[in-house]
file protein29.csv (CSV, C-alpha atoms and all ligand atoms)
chain,number,residue,atom,x,y,z
A,883,MET,CA,-10.3,124.7,156.5
A,884,ALA,CA,-11.9,121.7,154.8
A,885,ALA,CA,-11.3,120.9,151.1
A,886,SER,CA,-14.0,121.4,148.5
A,887,LEU,CA,-14.4,118.5,146.2
A,888,SER,CA,-16.4,118.3,143.0
A,889,ARG,CA,-18.1,115.1,141.8
A,890,PRO,CA,-16.1,111.9,141.3
A,891,CYS,CA,-13.9,111.6,138.3
A,892,PHE,CA,-13.9,107.8,138.5
A,893,ILE,CA,-14.6,104.9,140.9
A,894,SER,CA,-12.0,102.3,140.9
A,895,LEU,CA,-12.7,98.5,141.1
A,896,HIS,CA,-10.1,95.9,141.9
A,897,LEU,CA,-10.4,92.3,140.9
A,898,PRO,CA,-8.5,89.4,142.2
A,899,TYR,CA,-6.1,87.7,139.8
A,900,ARG,CA,-8.1,86.1,136.9
A,901,GLN,CA,-11.6,87.5,137.2
A,902,GLY,CA,-12.8,88.9,133.9
A,903,TRP,CA,-15.3,91.3,135.4
A,904,GLY,CA,-14.2,94.2,133.3
A,905,GLN,CA,-15.6,92.4,130.3
A,906,HIS,CA,-18.9,92.0,132.2
A,907,LEU,CA,-19.2,95.7,132.9
A,908,ALA,CA,-18.5,96.4,129.3
A,909,SER,CA,-20.8,93.8,127.7
A,910,THR,CA,-23.7,93.7,130.2
A,911,PHE,CA,-23.8,97.2,131.5
A,912,ARG,CA,-22.5,98.6,128.2
A,913,PHE,CA,-19.9,100.8,129.7
A,914,GLN,CA,-17.5,101.6,126.9
A,915,PRO,CA,-13.8,100.8,127.2
A,916,VAL,CA,-12.2,104.2,126.4
A,917,ALA,CA,-8.6,103.9,127.7
A,918,VAL,CA,-6.2,101.2,128.8
A,919,ARG,CA,-2.9,100.8,130.5
A,920,GLU,CA,-1.1,97.5,130.5
A,921,THR,CA,2.1,96.4,132.0
A,922,PRO,CA,3.5,92.9,132.4
A,923,ARG,CA,1.9,92.8,135.9
A,924,VAL,CA,-1.4,94.7,135.6
A,925,ARG,CA,-4.2,95.9,133.3
A,926,GLN,CA,-6.2,99.0,134.0
A,927,VAL,CA,-9.2,99.8,131.8
A,928,ALA,CA,-11.4,102.9,132.0
A,929,LEU,CA,-15.0,102.2,131.2
A,930,GLN,CA,-17.3,105.1,130.6
A,931,ARG,CA,-21.0,106.0,130.2
A,932,GLU,CA,-21.4,109.7,129.8
A,933,SER,CA,-19.7,111.2,133.0
A,934,ALA,CA,-19.7,107.9,135.0
A,935,ILE,CA,-16.3,106.2,134.7
A,936,PHE,CA,-15.2,103.0,136.3
A,937,LEU,CA,-11.5,102.2,136.4
A,938,VAL,CA,-11.2,98.4,136.4
A,939,ASN,CA,-7.9,97.2,137.8
A,940,GLU,CA,-6.7,93.6,137.5
A,941,ARG,CA,-3.5,91.8,138.1
A,942,LEU,CA,-2.0,89.8,135.2
A,943,ALA,CA,0.4,88.0,137.4
A,944,PRO,CA,-0.4,86.4,140.8
A,945,ALA,CA,1.5,88.4,143.3
A,946,SER,CA,3.7,91.4,143.7
A,947,THR,CA,5.3,93.1,146.6
A,948,SER,CA,4.9,96.5,145.0
A,949,SER,CA,1.8,98.5,145.9
A,950,HIS,CA,2.6,101.0,143.1
A,951,ASP,CA,1.7,98.8,140.1
A,952,PHE,CA,-1.5,100.7,139.6
A,953,LEU,CA,-1.4,104.3,138.4
A,954,TYR,CA,-3.8,106.8,140.1
A,955,ASP,CA,-4.5,104.3,142.9
A,956,ILE,CA,-3.0,101.9,145.3
A,957,ASP,CA,-3.4,98.1,145.4
A,958,PRO,CA,-5.8,97.0,148.1
A,959,GLN,CA,-4.5,93.4,147.5
A,960,PRO,CA,-8.0,92.0,147.2
A,961,THR,CA,-8.8,88.4,147.6
A,962,LEU,CA,-12.2,89.3,146.2
A,963,GLY,CA,-13.6,92.0,144.0
A,964,THR,CA,-13.9,95.3,145.7
A,965,ALA,CA,-14.7,98.9,144.8
A,966,SER,CA,-12.0,100.6,146.9
A,967,ASN,CA,-11.1,104.0,145.4
A,968,VAL,CA,-13.1,107.2,144.6
A,969,CYS,CA,-11.2,109.8,142.6
A,970,PHE,CA,-12.2,113.4,143.1
A,971,GLU,CA,-11.0,116.3,141.0
A,972,VAL,CA,-9.5,119.1,143.1
A,973,ASP,CA,-7.7,122.4,142.3
A,974,ASP,CA,-4.6,122.1,144.5
A,975,VAL,CA,-3.4,118.6,145.1
A,976,PRO,CA,-0.2,119.4,147.1
A,977,GLY,CA,-2.1,122.0,149.3
A,978,LEU,CA,-4.9,119.6,150.0
A,979,CYS,CA,-2.6,116.6,150.7
A,980,LYS,CA,-0.7,118.8,153.3
A,981,ARG,CA,-4.0,119.9,154.9
A,982,LEU,CA,-5.3,116.3,155.1
A,983,GLN,CA,-2.1,115.1,156.6
A,984,SER,CA,-2.3,117.7,159.3
A,985,GLN,CA,-5.7,116.3,160.1
A,986,GLY,CA,-4.2,112.9,160.7
A,987,CYS,CA,-5.0,111.5,157.3
A,988,SER,CA,-2.5,109.1,155.9
A,989,LEU,CA,-0.9,109.9,152.5
A,990,LEU,CA,-0.5,106.7,150.5
A,991,VAL,CA,0.9,108.4,147.3
A,992,PRO,CA,2.4,111.9,147.7
A,993,PRO,CA,1.6,114.5,145.1
A,994,THR,CA,2.9,113.2,141.8
A,995,GLU,CA,3.0,114.8,138.3
A,996,LEU,CA,2.5,112.8,135.2
A,997,ARG,CA,2.6,114.1,131.6
A,998,ASP,CA,2.3,113.1,128.0
A,999,ASP,CA,1.8,115.0,124.7
A,1000,ALA,CA,-1.7,116.2,125.8
A,1001,GLY,CA,-0.5,117.9,129.0
A,1002,SER,CA,0.1,117.1,132.6
A,1003,VAL,CA,-1.9,116.0,135.7
A,1004,THR,CA,-1.1,116.0,139.4
A,1005,TYR,CA,-2.5,113.4,141.8
A,1006,GLY,CA,-2.1,112.1,145.3
A,1007,VAL,CA,-3.8,109.2,147.1
A,1008,VAL,CA,-5.1,109.4,150.7
A,1009,SER,CA,-6.7,106.7,152.8
A,1010,SER,CA,-10.2,107.1,154.2
A,1011,VAL,CA,-11.3,106.2,157.7
A,1012,VAL,CA,-13.7,103.7,156.3
A,1013,GLY,CA,-12.5,100.1,155.6
A,1014,ASN,CA,-10.3,99.7,152.6
A,1015,ILE,CA,-11.4,102.9,150.9
A,1016,SER,CA,-8.9,105.4,149.5
A,1017,HIS,CA,-9.3,108.6,147.6
A,1018,THR,CA,-7.3,109.8,144.6
A,1019,LEU,CA,-7.1,113.6,144.5
A,1020,LEU,CA,-6.6,114.7,140.9
A,1021,ASP,CA,-5.9,118.0,139.1
A,1022,ARG,CA,-6.4,117.5,135.4
A,1023,SER,CA,-6.9,121.2,134.6
A,1024,CYS,CA,-3.7,121.2,132.5
A,1025,TYR,CA,-4.6,118.1,130.5
A,1026,GLN,CA,-6.4,117.8,127.2
A,1027,GLY,CA,-6.2,114.1,126.5
A,1028,LEU,CA,-9.1,111.6,126.5
A,1029,PHE,CA,-8.4,110.1,130.0
A,1030,LEU,CA,-5.1,110.4,131.8
A,1031,PRO,CA,-1.4,110.2,131.1
A,1032,GLY,CA,-0.1,106.6,131.1
A,1033,PHE,CA,-3.3,105.4,129.4
A,1034,GLN,CA,-3.8,104.6,125.7
A,1035,PRO,CA,-7.1,105.6,124.1
A,1036,ILE,CA,-9.1,102.6,122.8
A,1037,GLN,CA,-10.0,103.1,119.2
A,1038,GLY,CA,-13.2,101.8,117.7
A,1039,ALA,CA,-15.0,101.3,121.0
A,1040,PRO,CA,-18.7,100.4,120.2
A,1041,SER,CA,-21.1,103.3,120.1
A,1042,ALA,CA,-23.1,103.8,123.2
A,1043,THR,CA,-26.0,105.6,121.5
A,1044,GLY,CA,-29.3,104.0,120.6
A,1045,ASP,CA,-29.0,101.0,122.9
A,1046,GLY,CA,-31.8,102.2,125.2
A,1047,ILE,CA,-29.3,102.7,128.1
A,1048,LYS,CA,-29.5,106.2,129.5
A,1049,ILE,CA,-27.0,106.4,132.4
A,1050,THR,CA,-25.6,110.0,132.9
A,1051,HIS,CA,-23.5,110.1,136.1
A,1052,PHE,CA,-22.8,108.8,139.6
A,1053,ASP,CA,-25.7,109.8,141.8
A,1054,HIS,CA,-24.4,108.4,145.1
A,1055,ILE,CA,-21.9,106.0,146.7
A,1056,THR,CA,-23.1,104.0,149.6
A,1057,TYR,CA,-20.6,102.8,152.2
A,1058,VAL,CA,-21.2,100.1,154.7
A,1059,CYS,CA,-19.7,101.1,158.1
A,1060,PRO,CA,-19.0,98.9,161.1
A,1061,ARG,CA,-21.6,99.0,163.8
A,1062,GLY,CA,-21.3,102.3,165.7
A,1063,GLY,CA,-19.0,103.7,162.9
A,1064,ALA,CA,-21.3,105.6,160.6
A,1065,ARG,CA,-21.4,108.9,162.6
A,1066,ALA,CA,-17.6,109.0,162.9
A,1067,ALA,CA,-17.3,108.4,159.1
A,1068,LEU,CA,-19.7,111.2,158.4
A,1069,ASP,CA,-17.9,113.6,160.7
A,1070,TRP,CA,-14.5,112.7,159.1
A,1071,TYR,CA,-15.8,113.4,155.5
A,1072,GLN,CA,-17.4,116.6,156.6
A,1073,ARG,CA,-14.3,117.8,158.4
A,1074,CYS,CA,-11.6,116.7,155.9
A,1075,PHE,CA,-13.4,117.1,152.6
A,1076,GLY,CA,-16.0,119.8,153.2
A,1077,PHE,CA,-19.0,117.6,152.3
A,1078,GLN,CA,-22.3,119.0,153.6
A,1079,ARG,CA,-25.0,117.2,155.5
A,1080,PHE,CA,-27.8,115.9,153.4
A,1081,LEU,CA,-31.0,114.7,155.0
A,1082,LEU,CA,-32.1,111.5,153.3
A,1083,ASN,CA,-35.8,111.8,154.1
A,1084,PRO,CA,-38.2,114.4,155.6
A,1085,ARG,CA,-38.5,112.2,158.7
A,1086,GLU,CA,-34.8,112.2,159.4
A,1087,ARG,CA,-33.7,114.0,162.6
A,1088,PRO,CA,-30.2,115.5,162.0
A,1089,ALA,CA,-28.9,114.4,165.4
A,1090,GLU,CA,-30.0,110.8,165.0
A,1091,GLY,CA,-29.8,110.1,161.3
A,1092,TYR,CA,-32.4,108.2,159.4
A,1093,VAL,CA,-33.3,105.1,161.3
A,1094,LEU,CA,-35.2,102.4,159.5
A,1095,GLY,CA,-36.7,100.0,162.0
A,1096,GLY,CA,-39.5,97.5,162.2
A,1097,GLN,CA,-40.7,95.0,159.6
A,1098,GLY,CA,-37.4,93.1,159.8
A,1099,VAL,CA,-35.3,96.1,158.9
A,1100,GLY,CA,-32.7,97.6,161.1
A,1101,MET,CA,-30.4,100.2,159.6
A,1102,LEU,CA,-29.1,103.6,160.3
A,1103,LEU,CA,-28.4,105.9,157.3
A,1104,LEU,CA,-26.5,109.2,157.2
A,1105,ALA,CA,-25.6,111.2,154.1
A,1106,LEU,CA,-23.5,114.0,152.8
A,1107,GLN,CA,-23.4,115.9,149.5
A,1108,SER,CA,-20.4,117.6,147.9
A,1109,ALA,CA,-20.4,121.3,148.4
A,1110,GLN,CA,-19.4,121.9,144.8
A,1111,GLY,CA,-20.5,120.5,141.5
A,1112,THR,CA,-23.1,121.2,138.8
A,1113,PRO,CA,-26.5,121.6,140.4
A,1114,GLY,CA,-28.3,118.3,140.2
A,1115,HIS,CA,-25.1,116.5,139.3
A,1116,GLY,CA,-23.5,116.4,142.7
A,1117,CYS,CA,-22.7,113.0,144.1
A,1118,LYS,CA,-23.9,112.0,147.6
A,1119,LEU,CA,-22.2,109.8,150.0
A,1120,VAL,CA,-24.4,107.5,152.1
A,1121,PHE,CA,-23.2,105.8,155.2
A,1122,ALA,CA,-25.1,102.7,156.3
A,1123,GLU,CA,-24.8,100.8,159.5
A,1124,SER,CA,-26.7,97.8,160.7
A,1125,LEU,CA,-28.9,98.0,163.7
A,1126,SER,CA,-30.3,94.6,163.1
A,1127,GLN,CA,-30.5,91.9,165.8
A,1128,ASN,CA,-30.0,89.1,163.4
A,1129,GLY,CA,-26.9,89.2,161.2
A,1130,THR,CA,-28.4,87.8,158.0
A,1131,ASN,CA,-29.1,91.1,156.2
A,1132,GLN,CA,-27.5,93.0,153.3
A,1133,VAL,CA,-25.3,95.2,155.6
A,1134,ASP,CA,-24.0,92.6,158.0
A,1135,THR,CA,-23.5,90.2,155.1
A,1136,PHE,CA,-21.4,92.8,153.3
A,1137,LEU,CA,-19.1,93.2,156.3
A,1138,GLU,CA,-18.7,89.5,156.7
A,1139,GLN,CA,-18.0,88.7,153.0
A,1140,HIS,CA,-16.0,91.8,152.2
A,1141,GLY,CA,-13.9,91.3,155.3
A,1142,GLY,CA,-14.8,94.7,156.7
A,1143,ALA,CA,-16.2,98.1,155.8
A,1144,GLY,CA,-16.2,99.5,152.3
A,1145,ILE,CA,-18.2,100.6,149.3
A,1146,GLN,CA,-21.5,98.5,149.1
A,1147,HIS,CA,-23.1,100.1,146.0
A,1148,VAL,CA,-23.0,102.8,143.5
A,1149,GLY,CA,-26.2,104.6,142.4
A,1150,LEU,CA,-26.1,105.3,138.6
A,1151,CYS,CA,-28.4,108.1,137.6
A,1152,THR,CA,-30.6,107.4,134.6
A,1153,THR,CA,-33.0,109.6,132.8
A,1154,ASP,CA,-35.1,106.7,131.7
A,1155,ILE,CA,-35.2,103.8,134.1
A,1156,VAL,CA,-37.7,101.8,132.2
A,1157,SER,CA,-35.8,101.6,128.9
A,1158,THR,CA,-32.4,101.3,130.7
A,1159,THR,CA,-33.6,98.4,132.9
A,1160,ARG,CA,-35.2,96.6,129.9
A,1161,ALA,CA,-32.0,97.0,127.8
A,1162,LEU,CA,-29.8,95.8,130.7
A,1163,GLN,CA,-32.1,92.8,131.5
A,1164,GLN,CA,-32.0,91.8,127.8
A,1165,ARG,CA,-28.2,91.8,128.1
A,1166,GLY,CA,-28.2,89.5,131.1
A,1167,ALA,CA,-28.1,91.9,134.0
A,1168,ARG,CA,-29.9,90.5,137.0
A,1169,PHE,CA,-32.0,92.7,139.3
A,1170,PHE,CA,-33.7,92.2,142.7
A,1171,THR,CA,-37.4,92.3,142.2
A,1172,PRO,CA,-39.9,92.9,145.0
A,1173,PRO,CA,-42.7,90.5,145.7
A,1174,THR,CA,-45.7,91.1,143.3
A,1175,THR,CA,-47.7,92.3,146.4
A,1176,TYR,CA,-45.5,95.4,146.5
A,1177,TYR,CA,-47.5,96.7,143.5
A,1178,SER,CA,-50.9,95.7,144.7
A,1179,GLN,CA,-50.9,96.6,148.4
A,1180,GLY,CA,-51.2,99.8,150.4
A,1181,GLY,CA,-52.3,102.0,147.5
A,1182,LYS,CA,-49.0,101.5,145.6
A,1183,ALA,CA,-50.7,101.1,142.2
A,1184,GLU,CA,-52.5,104.5,142.8
A,1185,GLU,CA,-49.3,106.1,143.9
A,1186,ILE,CA,-47.6,104.9,140.7
A,1187,ARG,CA,-50.4,106.0,138.5
A,1188,GLY,CA,-50.6,109.4,140.3
A,1189,ALA,CA,-46.9,109.9,139.4
A,1190,GLY,CA,-47.8,109.3,135.8
A,1191,GLN,CA,-46.2,105.8,135.6
A,1192,ASP,CA,-47.7,102.5,134.6
A,1193,PRO,CA,-47.9,100.0,137.5
A,1194,HIS,CA,-47.9,97.0,135.2
A,1195,MET,CA,-44.8,98.1,133.4
A,1196,LEU,CA,-42.9,98.8,136.7
A,1197,ALA,CA,-44.1,95.4,138.1
A,1198,GLU,CA,-42.9,93.6,134.9
A,1199,LEU,CA,-39.4,95.0,135.3
A,1200,GLY,CA,-39.3,95.1,139.1
A,1201,ILE,CA,-38.8,98.9,139.4
A,1202,LEU,CA,-39.6,100.5,142.8
A,1203,LEU,CA,-41.2,104.0,143.1
A,1204,ASP,CA,-41.5,106.3,146.1
A,1205,THR,CA,-43.2,109.7,146.1
A,1206,THR,CA,-42.1,112.6,148.3
A,1207,VAL,CA,-44.7,113.5,150.9
A,1208,PRO,CA,-46.1,116.8,149.6
A,1209,GLY,CA,-45.1,119.8,151.7
A,1210,ASP,CA,-42.8,117.7,153.9
A,1211,LYS,CA,-39.6,117.7,151.9
A,1212,GLY,CA,-37.4,118.8,154.7
A,1213,GLN,CA,-34.3,119.4,152.6
A,1214,PRO,CA,-32.3,122.4,153.5
A,1215,GLY,CA,-32.8,125.1,150.8
A,1216,THR,CA,-35.8,123.5,149.1
A,1217,ASP,CA,-39.0,125.4,149.0
A,1218,ALA,CA,-42.0,123.1,149.6
A,1219,THR,CA,-44.3,125.5,147.7
A,1220,GLU,CA,-42.2,125.4,144.5
A,1221,SER,CA,-43.9,122.3,143.1
A,1222,PRO,CA,-46.7,121.0,145.3
A,1223,SER,CA,-46.7,117.3,144.8
A,1224,GLN,CA,-45.6,114.4,142.7
A,1225,GLU,CA,-41.9,114.5,143.2
A,1226,TYR,CA,-40.8,111.0,143.1
A,1227,LEU,CA,-38.0,108.6,142.4
A,1228,MET,CA,-37.6,105.2,140.9
A,1229,GLN,CA,-34.9,102.7,141.8
A,1230,ILE,CA,-33.8,99.2,141.0
A,1231,PHE,CA,-30.9,97.3,142.4
A,1232,THR,CA,-28.7,94.6,140.7
A,1233,HIS,CA,-27.7,91.4,142.2
A,1234,PRO,CA,-24.2,91.4,143.6
A,1235,ILE,CA,-21.7,91.9,140.8
A,1236,PHE,CA,-18.8,89.8,142.1
A,1237,SER,CA,-19.0,86.2,143.3
A,1238,GLU,CA,-19.6,87.3,147.0
A,1239,GLU,CA,-22.6,89.1,148.4
A,1240,THR,CA,-20.9,92.4,148.4
A,1241,PHE,CA,-20.8,95.1,145.7
A,1242,PHE,CA,-23.8,95.9,143.5
A,1243,LEU,CA,-25.1,98.7,141.3
A,1244,GLU,CA,-28.3,100.6,141.4
A,1245,LEU,CA,-30.2,102.6,138.8
A,1246,ILE,CA,-32.0,105.7,140.1
A,1247,ASP,CA,-34.3,107.9,138.1
A,1248,ARG,CA,-35.0,111.1,140.0
A,1249,ARG,CA,-38.1,113.0,139.0
A,1250,GLY,CA,-37.5,116.0,141.2
A,1251,ALA,CA,-37.0,114.0,144.4
A,1252,PRO,CA,-33.5,114.5,145.9
A,1253,GLY,CA,-33.7,112.1,148.8
A,1254,PHE,CA,-34.1,108.3,149.2
A,1255,GLY,CA,-37.3,106.3,149.3
A,1256,GLU,CA,-38.1,104.6,152.5
A,1257,GLY,CA,-40.5,102.2,150.8
A,1258,ASN,CA,-37.9,101.4,148.2
A,1259,ILE,CA,-35.2,100.6,150.8
A,1260,ARG,CA,-37.6,98.4,152.7
A,1261,ALA,CA,-38.6,96.6,149.5
A,1262,LEU,CA,-35.0,96.0,148.6
A,1263,TRP,CA,-34.2,94.8,152.1
A,1264,LYS,CA,-37.0,92.2,151.9
A,1265,ALA,CA,-36.1,91.1,148.4
A,1266,VAL,CA,-32.5,90.5,149.5
A,1267,GLN,CA,-33.8,88.6,152.5
A,1268,VAL,CA,-35.8,86.3,150.3
A,1269,TYR,CA,-32.8,85.8,148.0
A,1270,MET,CA,-30.5,85.0,150.8
A,1271,ASP,CA,-32.9,82.5,152.3
A,1272,GLN,CA,-33.1,80.8,148.9
A,1273,GLN,CA,-29.3,80.6,148.7
A,1274,GLN,CA,-29.0,78.8,152.0
B,1301,LIG,O1,-31.5,103.6,148.6
B,1301,LIG,C1,-30.2,103.7,148.4
B,1301,LIG,O2,-29.7,103.8,147.3
B,1301,LIG,C2,-29.3,103.8,149.6
B,1301,LIG,O3,-28.1,104.0,149.4
B,1301,LIG,C3,-29.8,103.4,150.9
B,1301,LIG,C4,-29.4,102.0,151.2
B,1301,LIG,C5,-28.3,101.7,152.0
B,1301,LIG,C6,-27.9,100.4,152.3
B,1301,LIG,C7,-28.7,99.3,151.8
B,1301,LIG,O4,-28.3,98.1,152.1
B,1301,LIG,C8,-29.8,99.6,151.0
B,1301,LIG,C9,-30.1,100.9,150.7
call {"tool": "encode", "arguments": {"input": "protein29.csv", "output": "structure tokens", "more": "lines below"}}
Ligand SMILES: O=C(O)C(=O)Cc1ccc(O)cc1
result
Amino acid sequence: MAASLSRPCFISLHLPYRQGWGQHLASTFRFQPVAVRETPRVRQVALQRESAIFLVNERLAPASTSSHDFLYDIDPQPTLGTASNVCFEVDDVPGLCKRLQSQGCSLLVPPTELRDDAGSVTYGVVSSVVGNISHTLLDRSCYQGLFLPGFQPIQGAPSATGDGIKITHFDHITYVCPRGGARAALDWYQRCFGFQRFLLNPRERPAEGYVLGGQGVGMLLLALQSAQGTPGHGCKLVFAESLSQNGTNQVDTFLEQHGGAGIQHVGLCTTDIVSTTRALQQRGARFFTPPTTYYSQGGKAEEIRGAGQDPHMLAELGILLDTTVPGDKGQPGTDATESPSQEYLMQIFTHPIFSEETFFLELIDRRGAPGFGEGNIRALWKAVQVYMDQQQ
């Protein structure tokens, strides 16, 4: 039987020695430092915005032979910044670890109990079949503290209200897989963790996945959603694989610069993408913007107005908008007659966060649309292409 996971508790980032990116996430993206653990060798800081938590891990000393310096994680020994661990809350850590091992999954940290005055937690760490990714499985049902045992709460963290940034939770995590590897990764997550298939777009054929071709784009996308979780708050996993003939694109560049498969981006759900993008831009966050023709060609301005948004405002900020084709939603369990039209989503993507062309963040504002916008993905792909050409 497969495990049933709820949404991620945290996503863990590892920085090479001496890269102050935790500070960047705190100051630019206004994630609040809520808890810290520091030893002579490592610092781990939990940064939170509503239910989205990043655990930022960094070494304070250059090298260590121990892979157990980091609590609730393992050390991927990065030579560059990487998002390598997704922690899921589960009910029965020992039982799940045993089941996963019997499926051939390697157990990096066996079930371990940690406690402090606020109670106890049990966790274990397993490796994924994709690149350097691992998963921490955590039961914190007997814990009342702010974050986790071993961490100290950070007092006097700046207030996150009234700054215009409305980020609520992790919407999706996108993995870059090696060529030919996306289907196997999807099958593994379905079999081991009980994720269910999610069709990205009405045009996706389940057996083939969502193939984006033509106009310089070549990519296969497949997706899963967690079986459990608050409705509308589940986190999807997206598996991307390059089908492109020429290797200078976002997916192949990730593989090359990351040194293999891994987490390419995290979609942060926002309830107000306009005010959030504006506030983040004012704080120095840099986003990919589509060419201005994106807003003037092919009826895009009418599409944006029809959705009740202002094309000039979206163009000024670089926000992308895609509407769902009415009556063609194709998602299992959704009734196309429920709301006839104007389900749409808006997205914007940051520049890579670390010094390499690897990990980035996305803001996604879903107005009833559960899938992913083909026009938005194409616009991002083109904007990245222009950016990479300028870098050369
Ligand atoms: O649209 C999204 O958020 C996706 O996750 C799809 C996607 C996958 C890979 C890319 O390089 C760009 C977009």
call {"tool": "closest_residue", "arguments": {"input": "protein29.csv", "among": "A:Thr1240, A:Thr1056, A:Ser1002, A:Thr1158", "to": "ligand LIG 1301 (chain B)", "atoms": "all atoms listed in the file"}}
result
A:Thr1056
call {"tool": "closest_residue", "arguments": {"input": "protein29.csv", "among": "A:Arg1065, A:Arg1260, A:Arg1079, A:His1051", "to": "A:Asp1247", "atoms": "all atoms listed in the file"}}
result
A:His1051
call {"tool": "closest_atom_pairs", "arguments": {"input": "protein29.csv", "of": "stretch 1018-1062 of chain A", "to": "stretch 1139-1145 of chain A", "cutoff": "8 Å", "atoms": "all atoms listed in the file", "output": "CSV"}}
result
residue,atom,partner,partner_atom,distance
A:Ile1055,CA,A:Ile1145,CA,7.0
A:Thr1056,CA,A:Ile1145,CA,6.0
A:Tyr1057,CA,A:Ile1145,CA,4.4
A:Val1058,CA,A:Ala1143,CA,5.5
A:Cys1059,CA,A:Ala1143,CA,5.2
A:Pro1060,CA,A:Ala1143,CA,6.0
call {"tool": "residues_around", "arguments": {"input": "protein29.csv", "residues": "A:His1233", "least_positions_apart": "6", "cutoff": "9 Å", "atoms": "only C-alpha atoms", "output": "PyMOL selection string"}}
result
chain A and resi 1167-1170+1239+1241-1243+1266
call {"tool": "residues_near_ligand", "arguments": {"input": "protein29.csv", "ligand": "ligand LIG 1301 (chain B)", "cutoff": "8 Å", "atoms": "only C-alpha atoms and all ligand atoms", "output": "ChimeraX atom specification"}}
result
/A:1054-1058,1101,1103,1120-1123,1132-1133,1146-1149,1229,1244,1246,1254-1256,1258-1259,1262-1263
call {"tool": "closest_residue", "arguments": {"input": "protein29.csv", "among": "A:Ala965, A:Val927, A:Val916, A:Leu989", "to": "A:Leu953", "atoms": "all atoms listed in the file"}}
result
A:Val927
call {"tool": "closest_residue", "arguments": {"input": "protein29.csv", "among": "A:Cys1151, A:Leu1068, A:Ala1105, A:Val975", "to": "A:Phe1052", "atoms": "all atoms listed in the file"}}
result
A:Cys1151
call {"tool": "residues_near_point", "arguments": {"input": "protein29.csv", "point": "(-18.0, 83.1, 145.4)", "cutoff": "12 Å", "atoms": "only C-alpha atoms", "output": "list in words"}}
result
Pro898, Gln901, Thr961, Leu962, Gly963, Gln1139, His1140, Pro1234, Ile1235, Phe1236, Ser1237, Glu1238, Glu1239 and Thr1240 of chain A
call {"tool": "atom_distance", "arguments": {"input": "protein29.csv", "atom1": "atom CA of A:Gly977", "atom2": "atom CA of A:Ser1009"}}
result
16.4 Å
